[in-house]
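Novice: The structure follows.
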Amino acid sequence: MFNKAILVGRLTADPELRQTPNGISVCSFSIAVDRRFSGRDAERKADFINIVAWRQTAEFVSRYFHKGEPIGIEGSIQTRNYEDKQGNKRTAVEVVADNAFFTGSKASSQAAGSIPLPTEAPPAVHYQSGAASDFEEVETDNDLPF
């Protein structure tokens with residue numbers, strides 16, 4: 001069996017971070033994912049997918065992503081049954097995120113208020129050439145250092 005979902009979409013609202021009674025972080029949010037085709041009226045359609053992230057992934061999403069920003073999700077589809085307040089049986093379908101990642105460009109991330117990335121390249125390293133007399137032979141005992 002194989003259950004793998006890879007989605008790229010935009011957050012429909014700010015992620016909601018909570019803690020379980022045992023102190024485990026859990027984050028619930030939904031993303032809008034464009035369909036590959038448009039309807040008869042040539043208007044693009046989107047699906048709204050519910051996502052649940054746990055532990056470090058939950059903390060990462062709640063810290064770095066906000067409403068309207070693009071996000072990538074890798075995880076698996078999960079269904080669960082429950083009973084609503086009126087006693088009706090319901091089924092929830094959601095993606096449990098194993099990994100979340102940035103998908104937007106650097107410019108769009110900075111415009112959306114994300115953490116700015118460094119704009120300058122690190123200084124170049126310059127090497128000098130040396131003469132053979134600058135080196136010495138290292139004794140080997142044929143033991144690998146790892």
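If you're wondering about the labels, chains in the structure tokens are A, B, ... by order shown, residues count from 1 in each chain, ligands from 1 in order shown.
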Applying 10 Å and only C-alpha atoms, which residues near Lys67 of chain A remain after dropping the ones on its own chain fewer than 6 positions away? List them as a PyMOL selection string.
Specialist: chain A and resi 10-15+29-31+112
Novice: Those residues with C-alpha atoms, as a CSV table (one decimal), in the first residue's frame please?
Specialist:
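See result_22.csv below for the written result:
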```
chain,number,residue,atom,x,y,z
A,10,ARG,CA,-1.8,29.1,-0.3
A,11,LEU,CA,-2.8,29.3,3.3
A,12,THR,CA,-6.5,30.3,3.7
A,13,ALA,CA,-5.9,31.6,7.2
A,14,ASP,CA,-3.1,31.9,9.8
A,15,PRO,CA,-2.1,28.4,11.1
A,29,PHE,CA,-4.7,24.9,8.8
A,30,SER,CA,-6.1,24.6,5.3
A,31,ILE,CA,-4.6,25.5,1.9
A,112,ALA,CA,4.7,39.0,2.7
```
Novice: Give me, please, the distance in Å between atom CA of Glu16 of chain A and atom CA of Gly104 of chain A, quoted to one decimal.
Specialist: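 Here the two named atoms are 21.1 Å from each other.
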Novice: Calculated over only C-alpha atoms, which of the candidates A:Ala100, A:Cys27, A:Met1, A:Ile6 has the smallest distance to Ser62 of chain A?
Specialist: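 Of A:Ala100, A:Cys27, A:Met1, A:Ile6, the one nearest Ser62 of chain A is A:Cys27, counting only C-alpha atoms.
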Novice: Would you work out the distance separating atom CA of Ala5 of chain A from atom CA of Ile77 of chain A, expressed in Å to one decimal?
Specialist: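 Calculated distance between atom CA of Ala5 of chain A and atom CA of Ile77 of chain A is 6.6 Å.
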Novice: One decimal, Å: what's the distance from atom CA of Lys89 of chain A over to atom CA of Trp54 of chain A, could you say?
Specialist: 25.8 Å
Novice: With only C-alpha atoms as the counted atoms, please give the residues lying no more than 12 Å from Ala46 of chain A, apart from itself and same-chain residues fewer than 3 positions off, as a tab-separated table (two decimals) with N, CA, C and O atoms, in the first residue's frame.
Specialist:
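Done, and the output landed in result_24.tsv:
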```tsv
chain	number	residue	atom	x	y	z
A	8	VAL	N	0.97	21.86	-3.17
A	8	VAL	CA	1.47	23.23	-3.13
A	8	VAL	C	0.25	24.13	-3.25
A	8	VAL	O	-0.53	23.99	-4.19
A	9	GLY	N	0.08	25.02	-2.30
A	9	GLY	CA	-1.06	25.90	-2.30
A	9	GLY	C	-0.80	27.12	-1.45
A	9	GLY	O	0.33	27.39	-1.04
A	10	ARG	N	-1.87	27.85	-1.17
A	10	ARG	CA	-1.77	29.06	-0.34
A	10	ARG	C	-2.61	28.87	0.92
A	10	ARG	O	-3.72	28.33	0.86
A	12	THR	N	-5.18	29.53	3.68
A	12	THR	CA	-6.46	30.25	3.67
A	12	THR	C	-6.64	31.09	4.93
A	12	THR	O	-7.49	31.98	4.96
A	31	ILE	N	-5.22	24.80	3.06
A	31	ILE	CA	-4.60	25.47	1.92
A	31	ILE	C	-5.52	25.37	0.72
A	31	ILE	O	-6.28	24.41	0.59
A	32	ALA	N	-5.45	26.38	-0.13
A	32	ALA	CA	-6.20	26.39	-1.39
A	32	ALA	C	-5.25	25.91	-2.48
A	32	ALA	O	-4.17	26.47	-2.66
A	33	VAL	N	-5.64	24.85	-3.16
A	33	VAL	CA	-4.81	24.26	-4.22
A	33	VAL	C	-5.57	24.38	-5.53
A	33	VAL	O	-6.70	23.89	-5.65
A	34	ASP	N	-4.97	25.07	-6.50
A	34	ASP	CA	-5.62	25.24	-7.81
A	34	ASP	C	-5.74	23.90	-8.52
A	34	ASP	O	-4.83	23.07	-8.47
A	35	ARG	N	-6.86	23.72	-9.19
A	35	ARG	CA	-7.03	22.53	-10.03
A	35	ARG	C	-6.27	22.73	-11.33
A	35	ARG	O	-6.02	23.85	-11.75
A	36	ARG	N	-5.92	21.65	-11.96
A	36	ARG	CA	-5.14	21.72	-13.20
A	36	ARG	C	-5.97	22.17	-14.39
A	36	ARG	O	-5.44	22.49	-15.43
A	37	PHE	N	-7.27	22.17	-14.26
A	37	PHE	CA	-8.14	22.55	-15.37
A	37	PHE	C	-9.11	23.61	-14.89
A	37	PHE	O	-9.31	23.80	-13.69
A	38	SER	N	-9.72	24.32	-15.82
A	38	SER	CA	-10.71	25.34	-15.45
A	38	SER	C	-12.10	24.82	-15.80
A	38	SER	O	-12.27	23.89	-16.58
A	39	GLY	N	-13.10	25.46	-15.22
A	39	GLY	CA	-14.48	25.07	-15.47
A	39	GLY	C	-14.96	25.52	-16.83
A	39	GLY	O	-14.22	26.11	-17.62
A	43	GLU	N	-13.15	29.78	-15.61
A	43	GLU	CA	-12.68	30.25	-14.32
A	43	GLU	C	-11.93	29.12	-13.62
A	43	GLU	O	-12.40	27.99	-13.57
A	49	ILE	N	-7.94	22.13	1.14
A	49	ILE	CA	-7.48	20.91	1.78
A	49	ILE	C	-7.12	21.20	3.24
A	49	ILE	O	-6.33	22.11	3.53
```
